[in-house]
Amino acid sequence: MTSESIQGFKIFPLMFSANCTSCHNVFIKEHTVRTHDEQKPSGLTLFVLNIPPYATEAGLKNAFSNVGKIKRIILEDTAEDQRGDGFKRAFIVFNNRESLLKALKLQKLNPISSDIRPVKVGLEKWIEEYNKGICNPEELQEEINTFMAKYDEGNQNQKEETLEDEEGWTLVTKTGRRPGLSRKESLENKLNDKSQKATKKKELKNFYTFQIRESKMKNIVDLRKKFEEAKQKVQLMKQARKFKPY
Amino acid sequence: MKVDKFEASDFQSDSNDSNSEEDILNKPFSMKLKRKYEDIPTDAPKSKKKNKNDLYKPPTVEELNNLRETENLFNNNLFRLQIDELLNEIKIKAKRSNNLENWIKNFKSCLEKLPPNEAVLSDLLNLKNKKGKLLKNLVNYKILFKTDQDLTLKFVKPEEIQCFGLFENKCLPGPNITLNINLTMPKSCFLIKDYLNNRYFVKKYYYILYIAEYLKKCNLTSNLKISFYENNHLFPIIELIPKDTDKTTVLILVTPSQDTFKPLRFLPQQNNCKIDLFNAELDAEILKNTPTIFYNSLLAHDVTLYSNNTFLNKLLMDQRNIQDGIKLLNVWLKQKELNIGIGSFTENLIIYIIAYLLHKKKINKFMSSYQIVRNFWNFLTTIDLLNEPISIGETTQDILKSFKEHYSVAILDKTGCYNVASYLSSEIYKKVKLESQAALNNLDNNQNNSFYKLFLSKCPFHLQYDVIIDLTKSVPLETSWNITQKEKCLYIGYNNLLTYDFINKTLQNGLGKRILNIVPRIETEDGILKRLLFGINLNPDEAFNFLEKGPALNDFQNAAIFRNFWEELATDRRFKDGSTNVAVYFKTNTIKSKRNIIIRILNFILEGKLKLKHKIHYNEFEDILISKRLVPSYPSGTNEETSLKIILAANELSKKLRELNISLKITGVQGVSDAFAYSEVFPPIPSNFKVNSNTTTIEGENITFKSDEKLDYVPRYIRPIESVLHLEHSSKWPNNLEALRHIKSSFYLEISKLLKSNHKLLTHPCRNFLDVFFEGIVFRYKIFVPKEVGLAKKTETGDGLTSFKESEESLNLDISLNILPKVMGALRGVQSLYPSYGPGTCLIKRWLRVHLIDDDHISDIAINLLNASLYLNDSLIPNTPQISFLRFLKFISELDWNLHLVIVNFNNDLTCEEISKVESEVQNNRISYPNLFILTPYDRSLSIFTRNFPSKEILNRIKQLALESLAFLDEIIVGQNNVGIKELFIPNFDGYNVLIHLRRSYNPKRYEEISFSNVNRIVVEKYKHSDEDKIPIVDFDPVKKYLIYLRKNYGKYAIFFHDSYGGNVIGVLWRPKVFEKSDFKVSNVNAGKIVGEKVIFNTDAVIEDFYILGKDLIKTIEIR
């Protein structure tokens, strides 16, 4: 099978296993961007589009098993805001450039699931998941203990840091003799509200004639607004032909 | 709002002398002033700014009055506007009324030319008379009345032609017009004693026929027939359709000239029919001495009609608001279908009651139509007409008393001699009273769709009652019941009423306190009985009592009556308090069979005592809820018994949990699973679980799958019963999310250890939850720590400021651990108040799911809430699961989710202000809120349970399904179609693009599949505690996993449908967008292939993906 290409991408059919009848097309190109990314070194990275949802890292390794050693595979969701799209794009980083070039010259890709290293799907996969979900209490306890020990240690370290530094500066913390305010958004909002309220309190509400008049007017405006809203709603109902009683 | 405290002039005078700088700045309408001076043209382009100024312009007197009126005279703006709209809709166009007026003119001039004629009755009937064709034709009609004399019939032109009724008084709601015309027969036609023995009726009848024959020739009508006024088979009238009109009927009544008979002759205690002229086999002596009440009423109606009409006409003339009020009431009555058939609450009654209220000055012409309607309802609610007769005209106490004795309801007319409610059935009256009460409540609740419920929503008979008895099969009624001669004489001419009353009384006798009322619906056609239905509203407190306690044994007389009634069912019983009574005991062992007591009583009465063929619509649907393939060992009907077992076990277990001595004590356990509110269709049946040596093995205390073994089938689905644990307050929870979660896990471990050591329970602690096996049920517990939600919200902005922002994660956490338990608690409350709620909700779920709309389209909790809204908002509470389901169908088919929020106001925790605030917020920015908005007190007005789903398409689909189902039901109940209800539960697979067929043996819910025929039953053995117990494979559902996976990965390309209760087919619908061709771009190549230069959807590959992903689970994939 000779592979076609479009806009610099080579098109390869990618099958799940050898006995599949139809296949997805993946689009492959060397990864080239101006910004440098350590995870995706230029010259070594292959950019793959339209990877079907069931393809795992292992699956892709299967697919490119003929090419050479793969350093890492980065799978990315296409668009984060779009729900329900499981197709991915991948960056495959090879150990050396030869492998990458070889990959681009490939005639065909291996199936994702091979006999030697099968990718589990369907019932098998769900059964495996279920069995994995069963927890061993002792192991769990062990894990918690190690995590908490680490965490406590981290906390301890932090506490020690809060002492005076060499130049005599003291770090203000929540605890201590004169705790500073914690920098929280909600707290700042509260403070703002408080100051606003304080200024409001100083005002007299119905002292001047204009204030009384204003409040009356406001009253009317409220009524009008309500009326408008109701009118709008009735208009909508009318459009929905709601008023035909029978 | 204190609008009434100031006047428009306040503003006008102010605006003239406002010159000071400050004033202009601060006056809200100074802009307007400025404009005036600058002379800006009024037709400036409309902008937002201008709108704002509109709001601030000085009000006119008229506007102020209007606004004030709305507050005072109407419920609220919306209600007022809706009234206006409705009245507009039912207005009769001037063109039509003019047209009709012209017709009346022609009609009158036509009758002027009526050729006079005279004939003797016997001649007329014997065809001896050859005088004219008109007379000859009269023979062709049915003989309605017999009389005792050979009468001379005079046919002369009517003395007067009077239009009356709703249309004449401008109280008729359009678009159908019914015009009543009253023709007065001159006095010369009658003799003094003609009121006796049908003589008057015969004369009137032939007069009518004569006129009818004459009119046929006059070329004024397009369709003319003799029919019966208000279904009264002794009240012939001419019914015609005027020529060249549309939707118009004219009814022509004939009455005697005013001074022909004295109205006093027809007071109830009089006898006016001395001979048995109706073939009722009556004893002549008894008849002579018995008042003939209904016969009298009929005559009284005719005699008083003219003066009543004049009175009403004068009273209602030019009273715009009162006319509107009557129109609204008519619409209301019609929607509730209470004006249909014999004994119904007629439109005329509304007029007379309004006249009474006007007369008594309880309403006046300054009231708004809303107030008229409200006062009408209020009057009906407060007065008990069964015991308090009322009269419009002057009358004496004695007369009132005698009316009260003879009629169930008495409303006397202007003359004080005619009871306008003579034929009103007391049961229908009671129903109207209840409905009025409900209507008032509805107004007071002031919800935004109360108007809709009152005036716009149709409420068909079969949705108003818990039980419908259909006796149509036994029509015509041939009855051989022992009814006394005396009664027969009283009812002379109206033997049919006597029969209905008898059936009603017998039913009342048998059902007693179990019911609120039995409402008859008697439909006739041409005076002949066509349909006989009874609707029963149950009394929820008594309806399902298994004991009918009779009188004490030593009360011989009454005990004998009781025994006589209940026949072999009656037994003598001694009770715990030492008393001995006759009683009927109904043996029941499930809640379903308790509900069935009603059917047993009805069958006993209708079949055994009355010997009537009947059909009862009451609990047929409950059959759908019975788990047929998997049956518990204990007696069980629907899901209720198992739910109860689960709740009891859960309570016991939570008691144990609370007593545990752990570092933070458990302070509360809140149920989350639907089973707690009885709304889980298939709650897990308590059972022992063993390892199947072939496929499963043991790991710790859990049964797990053998890893390398190929399964023949997956074990049946075990639902865990979920609850949330609350711990004592503590300030020591770490400030790090990860750490907090680890501590939570360690709590699971701790609880698990203690349960094991103290109670020897099987437990399975996990990272995120704790499973406990107790009494054959798996309980799943999660701990709620409020701080966790807070920490999940925590984010840090660039400048080191910590802010708390809602994220999907924190919201989900909050929903599942905080909000959901609260909502479930409230739903449990609803269930305990209204026991039909749970099983009713189950029916709804079963129905929706079977039509392949699963949890992902509309969630279980959303359905729970929707149904709860019906229980909390409606005044008519469903008493059986079936009617709960049927009312839901109606509700959802009418729900305008775009305009209305569904309000589920548990315990009335939300105030009116809060509700209307959310309502206006949603209305102002509809698109940014969920399609279906459910407002509860617990979810911060976010409609959390419907925030992403259901989609508009699904809502429309549900609506469509509900409409279809209702139409189908209509066919069964109203159309007497014999098709089974199962048709409602058969999905339609047409229209899906792809059908994925699943292997039944790998579907763990295969036992839940719906079936109507007999299937193999598997009985679950009773749970016995044993040391070999293991925690079963729980919550393992490959089908669900498959669906989740499909939706997550292919949801953009297709929509998936599946019946979550054991469905073996998944329906797939491609989204229409998928097939659009597009250019090659890195962002839109997914699931595509290249054809030419374009990307198109790779259908084959995706379908093959479906197959690959569901390996082993899928049998075939069918592409359509």
# chains A, B, ... in the order shown; residues from 1 in each chain; ligands from 1
>>> residues_around(residues="segment 371-377 of chain B", least_positions_apart="6", cutoff="9 Å", atoms="only C-alpha atoms", output="compact mmCIF listing (two decimals) with C-alpha atoms, in the first residue's frame")
# COMPACT_ATOMS: atom_id res chain seq x y z
CA LEU B 73 -57.31 44.09 41.86
CA PHE B 74 -55.32 41.39 40.17
CA ASN B 75 -53.01 38.78 41.44
CA ASN B 321 -65.92 42.87 34.24
CA ILE B 322 -68.63 40.55 35.44
CA ASP B 324 -65.43 38.63 31.67
CA GLY B 325 -65.44 36.88 35.01
CA ILE B 326 -68.20 34.56 33.86
CA LEU B 328 -63.23 32.87 32.69
CA LEU B 329 -65.27 30.66 34.96
CA ILE B 350 -72.43 29.84 37.08
CA ILE B 353 -74.53 31.93 41.33
CA ILE B 354 -72.91 35.12 40.05
CA LEU B 357 -73.51 37.11 44.60
CA LYS B 362 -70.82 40.15 47.56
CA ILE B 363 -69.51 41.28 44.24
CA ASN B 364 -70.09 44.56 42.48
CA LYS B 433 -66.29 22.67 45.67
CA GLU B 435 -61.84 22.25 42.66
CA SER B 436 -62.73 25.76 43.83
CA GLN B 437 -60.68 25.22 46.93
CA ALA B 439 -58.17 27.00 42.50
CA LEU B 440 -58.00 29.39 45.43
CA LEU B 443 -54.05 31.69 43.27
>>> residues_around(residues="segment 126-141 of chain A", least_positions_apart="5", cutoff="8 Å", atoms="only C-alpha atoms", output="PDB file with C-alpha atoms, in the first residue's frame")
ATOM      1  CA  VAL A 121     -10.617  -3.880  25.328  1.00  0.00           C
TER       2      VAL A 121
ATOM      3  CA  GLU B 699      -9.502 -11.729  47.206  1.00  0.00           C
ATOM      4  CA  GLY B 700      -9.627 -10.664  50.815  1.00  0.00           C
ATOM      5  CA  ASN B 702     -14.403  -9.824  48.041  1.00  0.00           C
ATOM      6  CA  THR B 704     -13.436 -11.162  42.171  1.00  0.00           C
ATOM      7  CA  PHE B 705     -13.128 -12.495  38.678  1.00  0.00           C
ATOM      8  CA  SER B 707      -8.216 -13.285  35.627  1.00  0.00           C
ATOM      9  CA  SER B 746      -7.561   6.124  56.710  1.00  0.00           C
ATOM     10  CA  LEU B 749      -9.810   1.738  57.169  1.00  0.00           C
ATOM     11  CA  HIS B 764     -14.066  -3.466  51.883  1.00  0.00           C
ATOM     12  CA  PRO B 765     -12.326  -0.163  52.473  1.00  0.00           C
ATOM     13  CA  CYS B 766     -11.094   1.656  49.393  1.00  0.00           C
ATOM     14  CA  ARG B 767      -9.393   4.893  48.651  1.00  0.00           C
ATOM     15  CA  PHE B1036     -20.202  -4.176  37.828  1.00  0.00           C
ATOM     16  CA  PRO B1038     -20.131  -3.769  31.390  1.00  0.00           C
ATOM     17  CA  LYS B1041     -19.114   1.056  31.126  1.00  0.00           C
TER      18      LYS B1041
END
>>> interface_residues(of="chain A", to="chain B", cutoff="6 Å", atoms="only C-alpha atoms", output="list in words")
Ser22, Cys23, His24, Asn25, Asn50, Gly84, Asp85, Gly86, Phe87, Val121, Gly122, Asn131, Cys135, Ile144, Arg183, Lys184, Glu185, Val221, Phe227, Ala230, Phe243 and Pro245 of chain A
>>> residues_around(residues="segment 55-66 of chain A", least_positions_apart="5", cutoff="12 Å", atoms="only C-alpha atoms", output="number ranges by chain")
A: 12-18, 24, 26, 28, 46, 48, 50, 71-76, 86-94, 99-100, 102-121; B: 1049, 1105, 1108-1109
>>> residues_around(residues="Pro1004 of chain B", least_positions_apart="3", cutoff="6 Å", atoms="only C-alpha atoms", output="ChimeraX atom specification")
/B:714-717
>>> write_last_selection(atoms="N, CA, C and O atoms", output="CSV table (one decimal), in the first residue's frame")
chain,number,residue,atom,x,y,z
B,714,VAL,N,-22.0,-12.9,33.0
B,714,VAL,CA,-21.5,-12.1,34.1
B,714,VAL,C,-22.6,-12.2,35.2
B,714,VAL,O,-23.7,-12.4,34.9
B,715,PRO,N,-22.1,-12.1,36.4
B,715,PRO,CA,-23.1,-12.2,37.5
B,715,PRO,C,-24.1,-11.1,37.5
B,715,PRO,O,-23.8,-10.0,36.9
B,716,ARG,N,-25.2,-11.3,38.1
B,716,ARG,CA,-26.3,-10.3,38.1
B,716,ARG,C,-25.9,-9.0,38.8
B,716,ARG,O,-25.0,-9.1,39.7
B,717,TYR,N,-26.4,-7.9,38.4
B,717,TYR,CA,-26.0,-6.6,38.8
B,717,TYR,C,-26.4,-6.4,40.3
B,717,TYR,O,-27.6,-6.6,40.7
>>> select_by_dssp(residues="segment 24-243 of chain A", states="strand (DSSP E)", output="ChimeraX atom specification")
/A:24-30,45-51,70-77,88-94
>>> residues_around(residues="segment 643-646 of chain B", least_positions_apart="2", cutoff="7 Å", atoms="only C-alpha atoms", output="PyMOL selection string")
chain B and resi 639-641+648-650+675-676+678+683
>>> residues_around(residues="Pro186 of chain B", least_positions_apart="2", cutoff="6 Å", atoms="only C-alpha atoms", output="PDB file with C-alpha atoms, in the first residue's frame")
ATOM      1  CA  GLU B 159     -96.143  35.343  21.630  1.00  0.00           C
ATOM      2  CA  SER B 188    -104.529  30.436  24.545  1.00  0.00           C
ATOM      3  CA  CYS B 189    -102.783  27.170  23.806  1.00  0.00           C
ATOM      4  CA  SER B 257     -96.630  32.445  28.396  1.00  0.00           C
TER       5      SER B 257
END
>>> select_by_dssp(residues="segment 697-758 of chain B", states="helix (DSSP H, G or I)", output="list of chain:residue names")
B:Leu737, B:Glu738, B:Ala739, B:Leu740, B:Arg741, B:His742, B:Ile743, B:Lys744, B:Ser745, B:Ser746, B:Phe747, B:Tyr748, B:Leu749, B:Glu750, B:Ile751, B:Ser752, B:Lys753, B:Leu754, B:Leu755, B:Lys756, B:Ser757, B:Asn758
>>> write_last_selection(atoms="N, CA and C atoms", output="compact mmCIF listing (two decimals), in the first residue's frame")
# COMPACT_ATOMS: atom_id res chain seq x y z
N LEU B 737 -5.29 19.19 49.80
CA LEU B 737 -6.34 18.31 49.30
C LEU B 737 -5.91 16.86 49.30
N GLU B 738 -4.73 16.65 48.80
CA GLU B 738 -4.20 15.29 48.69
C GLU B 738 -4.13 14.65 50.09
N ALA B 739 -3.60 15.40 51.03
CA ALA B 739 -3.45 14.88 52.38
C ALA B 739 -4.80 14.60 53.01
N LEU B 740 -5.75 15.52 52.77
CA LEU B 740 -7.07 15.35 53.34
C LEU B 740 -7.71 14.06 52.83
N ARG B 741 -7.50 13.81 51.57
CA ARG B 741 -8.08 12.59 51.01
C ARG B 741 -7.44 11.35 51.61
N HIS B 742 -6.18 11.42 51.85
CA HIS B 742 -5.52 10.26 52.46
C HIS B 742 -6.06 10.03 53.86
N ILE B 743 -6.29 11.12 54.58
CA ILE B 743 -6.83 10.97 55.93
C ILE B 743 -8.21 10.34 55.85
N LYS B 744 -8.99 10.78 54.83
CA LYS B 744 -10.32 10.19 54.66
C LYS B 744 -10.21 8.68 54.46
N SER B 745 -9.27 8.29 53.61
CA SER B 745 -9.09 6.86 53.37
C SER B 745 -8.75 6.14 54.66
N SER B 746 -7.94 6.80 55.47
CA SER B 746 -7.56 6.12 56.71
C SER B 746 -8.77 5.99 57.63
N PHE B 747 -9.72 6.91 57.50
CA PHE B 747 -10.96 6.74 58.26
C PHE B 747 -11.73 5.52 57.79
N TYR B 748 -11.77 5.33 56.47
CA TYR B 748 -12.44 4.15 55.96
C TYR B 748 -11.83 2.90 56.56
N LEU B 749 -10.50 2.90 56.62
CA LEU B 749 -9.81 1.74 57.17
C LEU B 749 -10.16 1.54 58.64
N GLU B 750 -10.22 2.65 59.34
CA GLU B 750 -10.48 2.57 60.77
C GLU B 750 -11.88 2.04 61.03
N ILE B 751 -12.85 2.61 60.29
CA ILE B 751 -14.24 2.16 60.46
C ILE B 751 -14.34 0.69 60.12
N SER B 752 -13.69 0.34 59.04
CA SER B 752 -13.74 -1.04 58.58
C SER B 752 -13.22 -1.99 59.65
N LYS B 753 -12.09 -1.62 60.26
CA LYS B 753 -11.50 -2.48 61.30
C LYS B 753 -12.46 -2.65 62.46
N LEU B 754 -13.04 -1.53 62.88
CA LEU B 754 -13.94 -1.60 64.04
C LEU B 754 -15.18 -2.42 63.74
N LEU B 755 -15.73 -2.23 62.54
CA LEU B 755 -16.92 -3.02 62.18
C LEU B 755 -16.60 -4.49 62.19
N LYS B 756 -15.40 -4.79 61.75
CA LYS B 756 -14.98 -6.18 61.69
C LYS B 756 -14.85 -6.75 63.10
N SER B 757 -14.15 -5.98 63.96
CA SER B 757 -13.90 -6.54 65.29
C SER B 757 -15.15 -6.49 66.16
N ASN B 758 -15.95 -5.43 66.08
CA ASN B 758 -17.11 -5.32 66.97
C ASN B 758 -18.32 -6.10 66.47
>>> residues_around(residues="Asp855 of chain B", least_positions_apart="2", cutoff="10 Å", atoms="only C-alpha atoms", output="list in words")
Lys845, Leu848, Arg849, Leu852, Ile853, His857, Ile858, Ser859, Asp860, Ile861, Ala862, Ile863, Phe949, Pro950, Phe1057, His1058, Asp1059 and Ser1060 of chain B
>>> write_last_selection(atoms="C-alpha atoms", output="mmCIF file, in the first residue's frame")
data_model
loop_
_atom_site.group_PDB
_atom_site.id
_atom_site.type_symbol
_atom_site.label_atom_id
_atom_site.label_comp_id
_atom_site.auth_asym_id
_atom_site.auth_seq_id
_atom_site.Cartn_x
_atom_site.Cartn_y
_atom_site.Cartn_z
ATOM 1 C CA LYS B 845 -38.433 5.813 35.131
ATOM 2 C CA LEU B 848 -38.648 6.649 30.048
ATOM 3 C CA ARG B 849 -35.900 4.064 30.131
ATOM 4 C CA LEU B 852 -34.208 4.232 25.454
ATOM 5 C CA ILE B 853 -33.847 7.513 27.297
ATOM 6 C CA HIS B 857 -30.187 11.937 28.856
ATOM 7 C CA ILE B 858 -32.201 12.737 31.942
ATOM 8 C CA SER B 859 -30.868 11.651 35.283
ATOM 9 C CA ASP B 860 -32.745 9.631 37.874
ATOM 10 C CA ILE B 861 -32.543 12.436 40.368
ATOM 11 C CA ALA B 862 -34.013 14.880 37.851
ATOM 12 C CA ILE B 863 -36.962 12.532 37.357
ATOM 13 C CA PHE B 949 -28.634 17.420 30.440
ATOM 14 C CA PRO B 950 -31.310 16.932 29.188
ATOM 15 C CA PHE B 1057 -29.821 5.395 23.392
ATOM 16 C CA HIS B 1058 -30.298 2.463 25.692
ATOM 17 C CA ASP B 1059 -32.802 0.988 28.113
ATOM 18 C CA SER B 1060 -30.869 0.862 31.346
#
>>> atom_distance(atom1="atom CA of Ala583 of chain B", atom2="atom CA of Leu602 of chain B")
17.0 Å
